[in-house]
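I have placed the structure first, in the form of structure tokens, so that the comments after it can refer back to it.
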Amino acid sequence: MSGPIHGEEYVEWKAEGDAILEPLGGLQGDPVRGKAVVIDRDSGNCLACHLMPIPEQPMHGTVAPPLHGVASRLTESQLRLRVVNEQLINPHTIMPAFYKKPDEYYRPHPAFKSPVLTAQEVEDVVAYLKTLK
Ligand code: HEC
């Protein structure tokens with residue numbers, strides 16, 4: 001049961017260990033679009049929690065690890081799983097799962113039972129994170 005989200009169908013993915021090896025939907029990510037998603041307060045909003053090398057944006061959060069050099073610590077596949085669902089790594093994390101199955105979002109109204117990001121946005125964010133060496 002996966003209805004249309006943001007005008008697209010939910011794409012299945014599979015975790016292997018602490019990684020998702022295949023890009024969601026086989027989509028190609030774009031780092032420039034990914035940076036915009038990361039900054040967007042109504043979308044990724046990663047800066048609410050993470051310090052990131054984006055000095056032109058004010059008010060970075062400090063409750064999460066800084067993401068400087070994250071691509072030296074984690075592979076693309078590991079980054080993908082963390083953006084899709086960090087709760088599979090740490091069930092107690094405060095980081096939202098950005099691409100769970102629509103049914104796994106506990107929201108009262110069916111219209112809001114959908115992943116936070118689209119599959120394309122997930123791949124864009126991963127492509128941007130890959131630039132943080
Ligand atoms: C509500 C706060 C919050 C938001 C919003 C958030 N994160 Fe996180 N994130 C965390 C915390 C806290 C951790 C540390 C891991 C844990 O809690 O298990 C983390 C961990 C990570 C990691 C793993 C870092 C490492 O060194 O292992 C990545 C990558 C990451 N986040 C990327 C993102 C991206 C990209 C976004 C936006 C799309 C985002 N996060 C949004 C709180 C957040």
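As shown in the structure tokens, the chain order sets the letters A, B, ...; within each chain, residues go from 1, and ligands are also counted from 1 in the order they appear.
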
Considering only C-alpha atoms and all ligand atoms, tabulate each residue of chain A that lies at most 8 Å from ligand 1 along with its nearest interatomic pair and the corresponding distance in Å to one decimal; arrange the rows by chain and ascending residue number and present them as a tab-separated table.
```
residue	atom	partner	partner_atom_place_in_ligand_line	distance
A:Val37	CA	ligand 1	38 (C)	7.1
A:Val38	CA	ligand 1	37 (C)	5.3
A:Ser43	CA	ligand 1	38 (C)	7.7
A:Gly44	CA	ligand 1	38 (C)	4.0
A:Asn45	CA	ligand 1	37 (C)	5.5
A:Cys46	CA	ligand 1	37 (C)	3.5
A:Leu47	CA	ligand 1	5 (C)	6.8
A:Ala48	CA	ligand 1	5 (C)	5.5
A:Cys49	CA	ligand 1	2 (C)	4.3
A:His50	CA	ligand 1	7 (N)	6.2
A:Val63	CA	ligand 1	12 (C)	5.9
A:Ala64	CA	ligand 1	12 (C)	4.0
A:Pro65	CA	ligand 1	14 (C)	5.8
A:Pro66	CA	ligand 1	26 (O)	7.4
A:Leu67	CA	ligand 1	24 (C)	6.4
A:Val70	CA	ligand 1	26 (O)	5.6
A:Arg73	CA	ligand 1	26 (O)	6.8
A:Leu74	CA	ligand 1	27 (O)	7.2
A:Leu79	CA	ligand 1	29 (C)	5.2
A:Arg80	CA	ligand 1	29 (C)	8.0
A:Arg82	CA	ligand 1	28 (C)	5.5
A:Val83	CA	ligand 1	32 (C)	5.6
A:Glu86	CA	ligand 1	18 (O)	6.5
A:Gln87	CA	ligand 1	18 (O)	7.1
A:Ile89	CA	ligand 1	18 (O)	6.4
A:Asn90	CA	ligand 1	18 (O)	4.6
A:Pro91	CA	ligand 1	18 (O)	7.6
A:His92	CA	ligand 1	17 (O)	7.0
A:Thr93	CA	ligand 1	17 (O)	3.9
A:Ile94	CA	ligand 1	1 (C)	5.1
A:Met95	CA	ligand 1	43 (C)	3.8
A:Pro96	CA	ligand 1	4 (C)	6.1
A:Phe98	CA	ligand 1	38 (C)	6.9
A:Val122	CA	ligand 1	38 (C)	7.7
A:Val125	CA	ligand 1	35 (C)	6.0
A:Val126	CA	ligand 1	35 (C)	7.2
A:Leu129	CA	ligand 1	35 (C)	6.8
```

Generate a file of the selected residues that holds N, CA and C atoms, formatted as a compact mmCIF listing (two decimals), in the first residue's frame.
```
# COMPACT_ATOMS: atom_id res chain seq x y z
N VAL A 37 18.17 21.41 -0.93
CA VAL A 37 17.26 20.64 -0.06
C VAL A 37 17.75 20.67 1.39
N VAL A 38 19.07 20.54 1.55
CA VAL A 38 19.69 20.55 2.88
C VAL A 38 19.39 21.87 3.61
N SER A 43 11.97 21.56 4.12
CA SER A 43 12.21 20.30 3.44
C SER A 43 13.22 19.48 4.25
N GLY A 44 14.48 19.44 3.82
CA GLY A 44 15.49 18.68 4.55
C GLY A 44 15.75 19.28 5.92
N ASN A 45 15.95 20.59 5.94
CA ASN A 45 16.18 21.32 7.19
C ASN A 45 17.30 20.69 8.03
N CYS A 46 18.32 20.20 7.37
CA CYS A 46 19.42 19.53 8.08
C CYS A 46 20.16 20.50 8.99
N LEU A 47 20.17 21.79 8.62
CA LEU A 47 20.92 22.77 9.40
C LEU A 47 20.29 23.01 10.78
N ALA A 48 19.05 22.58 10.95
CA ALA A 48 18.42 22.72 12.28
C ALA A 48 19.23 21.97 13.32
N CYS A 49 19.87 20.89 12.91
CA CYS A 49 20.59 20.04 13.86
C CYS A 49 22.09 19.95 13.58
N HIS A 50 22.47 20.01 12.30
CA HIS A 50 23.86 19.78 11.93
C HIS A 50 24.59 21.08 11.59
N VAL A 63 23.03 20.02 17.90
CA VAL A 63 22.64 18.81 18.61
C VAL A 63 23.12 17.55 17.90
N ALA A 64 23.61 17.68 16.67
CA ALA A 64 24.03 16.52 15.88
C ALA A 64 25.49 16.71 15.48
N PRO A 65 26.15 15.62 15.07
CA PRO A 65 27.56 15.76 14.67
C PRO A 65 27.70 16.68 13.46
N PRO A 66 28.74 17.52 13.44
CA PRO A 66 29.00 18.34 12.25
C PRO A 66 29.21 17.41 11.04
N LEU A 67 28.78 17.85 9.87
CA LEU A 67 28.90 16.98 8.69
C LEU A 67 30.12 17.32 7.82
N VAL A 70 32.14 14.31 6.21
CA VAL A 70 31.36 13.09 6.44
C VAL A 70 31.61 12.06 5.33
N ARG A 73 34.32 9.68 6.10
CA ARG A 73 34.02 8.67 7.13
C ARG A 73 33.06 7.61 6.62
N LEU A 74 32.16 7.99 5.72
CA LEU A 74 31.10 7.09 5.28
C LEU A 74 31.07 7.00 3.75
N LEU A 79 25.89 6.68 3.49
CA LEU A 79 25.23 7.99 3.58
C LEU A 79 23.76 7.85 3.20
N ARG A 80 23.50 7.03 2.15
CA ARG A 80 22.11 6.87 1.68
C ARG A 80 21.23 6.32 2.80
N ARG A 82 21.65 6.54 5.98
CA ARG A 82 21.48 7.51 7.06
C ARG A 82 20.46 8.59 6.70
N VAL A 83 20.42 8.99 5.45
CA VAL A 83 19.42 9.98 5.04
C VAL A 83 18.04 9.32 4.97
N GLU A 86 17.92 6.95 9.57
CA GLU A 86 18.97 6.86 10.61
C GLU A 86 18.50 6.01 11.79
N GLN A 87 17.18 5.86 11.93
CA GLN A 87 16.65 5.08 13.05
C GLN A 87 17.01 3.61 12.95
N ILE A 89 20.00 2.68 12.29
CA ILE A 89 21.34 2.65 12.90
C ILE A 89 21.21 2.85 14.41
N ASN A 90 20.40 3.83 14.78
CA ASN A 90 20.19 4.16 16.19
C ASN A 90 18.70 4.42 16.41
N PRO A 91 18.00 3.42 16.97
CA PRO A 91 16.55 3.54 17.16
C PRO A 91 16.14 4.75 18.00
N HIS A 92 17.09 5.29 18.78
CA HIS A 92 16.74 6.40 19.67
C HIS A 92 17.13 7.75 19.09
N THR A 93 17.60 7.77 17.84
CA THR A 93 18.05 9.05 17.30
C THR A 93 16.91 10.04 17.17
N ILE A 94 17.25 11.32 17.26
CA ILE A 94 16.24 12.35 17.03
C ILE A 94 16.18 12.72 15.55
N MET A 95 17.10 12.16 14.74
CA MET A 95 17.08 12.49 13.31
C MET A 95 15.87 11.87 12.64
N PRO A 96 15.09 12.68 11.92
CA PRO A 96 13.91 12.12 11.25
C PRO A 96 14.32 11.13 10.16
N PHE A 98 13.91 10.20 6.57
CA PHE A 98 13.43 11.01 5.45
C PHE A 98 12.75 10.20 4.35
N VAL A 122 16.28 12.58 -2.02
CA VAL A 122 17.23 11.76 -1.23
C VAL A 122 18.53 11.61 -2.01
N VAL A 125 20.50 14.84 -2.06
CA VAL A 125 21.16 15.10 -0.78
C VAL A 125 22.40 14.21 -0.64
N VAL A 126 22.27 12.93 -1.02
CA VAL A 126 23.42 12.02 -0.96
C VAL A 126 24.55 12.54 -1.86
N LEU A 129 26.18 15.34 -0.02
CA LEU A 129 27.00 14.87 1.11
C LEU A 129 28.31 14.27 0.62
```

Problem set entry | Per-residue DSSP, chain A, filtered to alpha helix (DSSP H), as a count of residues only | 34

For this session: Counting only C-alpha atoms, figure out which residue out of A:Arg33, A:Gly69, A:Glu104, A:Ala97 gets nearest to A:Leu81.
Result: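 The closest residue to A:Leu81 is A:Ala97.
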
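The nearest approach to A:Glu121 among the residues A:Lys35, A:Lys133, A:Arg41, A:Lys100, with only C-alpha atoms taken into account, belongs to A:Lys35.
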
Per DSSP on the backbone, what are the strand (DSSP E) residues of chain A, as a CSV table (one decimal) with N, CA, C and O atoms, in the first residue's frame?
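Okay, this is what ended up in selection-v6.csv:
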```csv
chain,number,residue,atom,x,y,z
A,4,PRO,N,0.4,7.8,-3.9
A,4,PRO,CA,1.3,8.8,-4.5
A,4,PRO,C,1.8,9.8,-3.5
A,4,PRO,O,1.1,10.1,-2.6
A,5,ILE,N,3.1,10.1,-3.5
A,5,ILE,CA,3.6,11.1,-2.6
A,5,ILE,C,4.3,12.2,-3.4
A,5,ILE,O,5.0,11.9,-4.3
A,8,GLU,N,4.6,11.4,-6.7
A,8,GLU,CA,5.3,10.2,-7.2
A,8,GLU,C,5.0,9.0,-6.4
A,8,GLU,O,4.6,9.1,-5.2
A,9,GLU,N,5.2,7.8,-6.9
A,9,GLU,CA,5.0,6.6,-6.2
A,9,GLU,C,6.2,6.3,-5.3
A,9,GLU,O,7.3,6.7,-5.6
```

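Here atom CA of A:Thr62 stands at a distance of 25.7 Å from atom CA of A:Tyr105.
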
Problem set entry | Point-to-point distance in Å for atom CA of A:Leu27 and atom CA of A:Tyr10 |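 Value for the atom CA of A:Tyr10-atom CA of A:Leu27 distance: 13.1 Å.
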